[in-house]
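Engineer: After the structure tokens below, expect a handful of questions from me.
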Amino acid sequence: MIGERDFLLDGEPYRVLSGAIHYFRVHPEQWADRIHKARLMGLNTIETYVAWNAHEPVKGEWDAAGSNDLGAFLDAIAAEGMHAIVRPGPYICAEWTNGGLPVWLTGDQSIGLRSSEPRYLAEVERFLRSVYEIVAPRQIDRGGNVILVQIENEYGAYGDDKDHLAALVAVTRDAGITVPLTTVDQPQPQMLRDGSLPGLHLTGSFGSRAAERLATLREFQPTGPLMCMEFWDGWFDSWGGVHHTTDAAQAAAELDTMLTAGASVNFYMFHGGTNFGITNGANDKGRYHPITTSYDYDAPLDEAGDPTAKYEAFRDVIARYGPVPSDRPVRSDPAPAPTVPLRDLGGWVTPPVDGADRHDTPPTFDDLGFAGALVRYETALPDAEPDGLWTLELDEVRDLAWVSVDGRPVGRLSRALGERAIALPPGRRLVILVEDQGRVNYAARIGEPKGLLGRPLLNGMPLLGWTATPIDLLATADAVAARLDADIARAPALGVALGAALELERQSDLFLDTASFGKGYAFLNGFALGRYWRNGPQRTLYVPGPVTRAGTNRLVILELEAIAGRQAQFVPRAALGHLEE
């Protein structure tokens, strides 16, 4: 309950000491370990977002199993004797692709996202009711452990549609949620005004100047407990940037300031985890920056679940304000570091099937209803050869395109670099392979289309007759893995697939060294480890121990460019890249 100055539990003041763990970024068999280590740091609560696009990638097909089993995650928190905070959005940001919104929803550009537009609210209500079927029976007033539920997410940084917020509150209460409802915004007057409603408890998101931010929060909320719902104790990384770290002592001092003021806190993140598969988001504040596969976040627990310097620093601060368990987690032993030869298994980006639909304008990923990473666009070039070279002009590439003519690579076009034109040699067939590098997860560009935008021009004239072939990465990886066991005939295709049989004595976390790889995707035993890119800063991919097995493990690499050497090397620890000097 919300008291005059405190949260109340059984009628007594209660300080929420929480840590964020996103169940969809952590292998389910590792949930209990991460939760247990949170309690050992002195926390009493775990907070999580709910990623709509993870639960419903296809409209009407709800998935709450495996890594999407929110109920099992909440039960694991309860088994550790801890409380839970649920933040279902439906928009979550979180450096997660599309901010958590499904592509089938945002692909309809006429729907008014994050607003009181009726079609949007109808879909949101259906989503929230599915979530609340899981959450409602696990609330603390029904014998469960859920103590708070959040409405929307940092809405004051996006809009001020009060009818939208009111509709979310109405469906939340009607679905049986009785615990206090909260909002979160950066403690800036305009955001706090726009992002909440009377009856919702305001919380803040910040990583520094804690005393000032808490004072601003108190100005807008004279009574009730102070809470930083997102204490930014680290930061995320983008491809082409540096690996971000923050000073442990400075972060601990900010924590001490908040606890001295009597505030509650949620560490964002306690354990970041990994953007497995193609789940990373992106930011675009004038220039496009896709997020890395690792979501280590320089958090108290690193990507592999080991305690960091921040863990100890935060634990020491928390111990000044109350008891903490005497047990401490220990850092794991170095991971096995075998090196195995990679077998060349041929191309993997297959051509279109006979009779594929043709389009005058290349359809976007969204037009195709495709939420994957790659689409192969192809068309015929004119019979008449140019006097020199053709010039191909595109309205925009989202986000990276490899161009080839008659199977010969011509070049690459990058959205981040603003590249939209390329010279083509004479030839018969033009292929453009386009990668969605991560959908923007923040601000007004959420839901933007991916692929080739507009009508391509060749020497100023429209180029027509396009086919568009989506590439299913998981199915492709499975097909490539089968080639390890047999010499299977295959059609010529782009990219190079490589595979290896990795022998292990036992299950173990691993770190795949990607420093010699180009750009592509890695899989182990059918599990999508994520993207790699020589652009850095990330130089390893984390392999959760539960996806490995004693005996033979099958590694598949789907390379889009070129790999230096023909071996896969594993290393003892993560290498997340160079730091900012």
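In the structure tokens, each chain is lettered A, B, ... as it comes, each chain's residues begin at 1, and ligands are numbered from 1 in order of appearance.
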Fewer than 3 positions away in the same chain doesn't count, so skip those; otherwise give me all residues within 6 Å of Asp399 of chain A, counting only C-alpha atoms, as a list in words.

Structural biologist: Arg415, Glu435, Asp436 and Gln437 of chain A

Engineer: Using DSSP assignments from the backbone, pull out every residue in segment 223-451 of chain A that falls under helix (DSSP H, G or I) and give it to me as a PyMOL selection string.

Structural biologist: chain A and resi 248-260+309-319+443-445

Engineer: Just want the 10 Å neighbourhood of Thr178 of chain A, counted on only C-alpha atoms, with same-chain residues fewer than 6 positions away dropped. Output as a list in words.

Structural biologist: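 That gives Met1, Ala136, Gln139, Ile140, Asp141, Arg142, Ile147, Leu148, Val149 and Thr172 of chain A.
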
Engineer: Measuring between only C-alpha atoms, which one of A:Pro325, A:Gly277, A:Gly495, A:Pro425 shows the shortest distance to Val543 of chain A?

Structural biologist: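 Result for the nearest residue to Val543 of chain A: A:Gly277.
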
Engineer: With distances taken over only C-alpha atoms, which of A:Gly322, A:Pro449, A:Gly273, A:Pro544 is nearest to Leu105 of chain A?

Structural biologist: A:Pro449

Engineer: Kindly give the distance, in Å, that separates atom CA of Leu576 of chain A and atom CA of Pro336 of chain A, rounded to a single decimal.

Structural biologist: 17.9 Å

Engineer: Show me, as a list of chain:residue names, the residues that have an atom within 12 Å of Arg408 of chain A when counting only C-alpha atoms, minus same-chain residues fewer than 5 positions from it.

Structural biologist: A:Trp402, A:Val403, A:Leu424, A:Pro425, A:Pro426, A:Gly427, A:Arg428, A:Arg429, A:Leu430, A:Val431, A:Ile432, A:Ala493, A:Leu494, A:Gly495

Engineer: Under the rule that only C-alpha atoms are counted, which of A:Tyr132, A:Trp31, A:Phe220, A:Tyr155 is the nearest residue to Ala79 of chain A?

Structural biologist: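 Looking only at the distances to Ala79 of chain A, the closest residue turns out to be A:Trp31.
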
Engineer: For Asp360 of chain A, work out the shell of residues within 8 Å, counting only C-alpha atoms and skipping chain neighbours fewer than 2 positions away, then give it as a short mmCIF file (atom, residue, chain, number, x, y, z; two decimals) with C-alpha atoms, in the first residue's frame.

Structural biologist:
```cif
data_model
loop_
_atom_site.label_atom_id
_atom_site.label_comp_id
_atom_site.auth_asym_id
_atom_site.auth_seq_id
_atom_site.Cartn_x
_atom_site.Cartn_y
_atom_site.Cartn_z
CA ARG A 358 6.94 -9.15 -58.47
CA PRO A 362 10.21 -3.07 -53.35
CA ARG A 455 11.22 3.42 -55.72
CA LEU A 463 13.74 0.11 -61.79
CA LEU A 464 10.78 -2.29 -61.68
CA GLY A 465 10.02 -6.00 -61.34
CA TRP A 466 11.32 -6.69 -57.82
#
```

Engineer: So which residues touch segment 198-214 of chain A within 8 Å, counting only C-alpha atoms, skipping near sequence neighbours fewer than 3 positions away, as a ChimeraX atom specification?

Structural biologist: /A:180-187,192,217-218,221,224,226-233,251,254-255,257-258,261
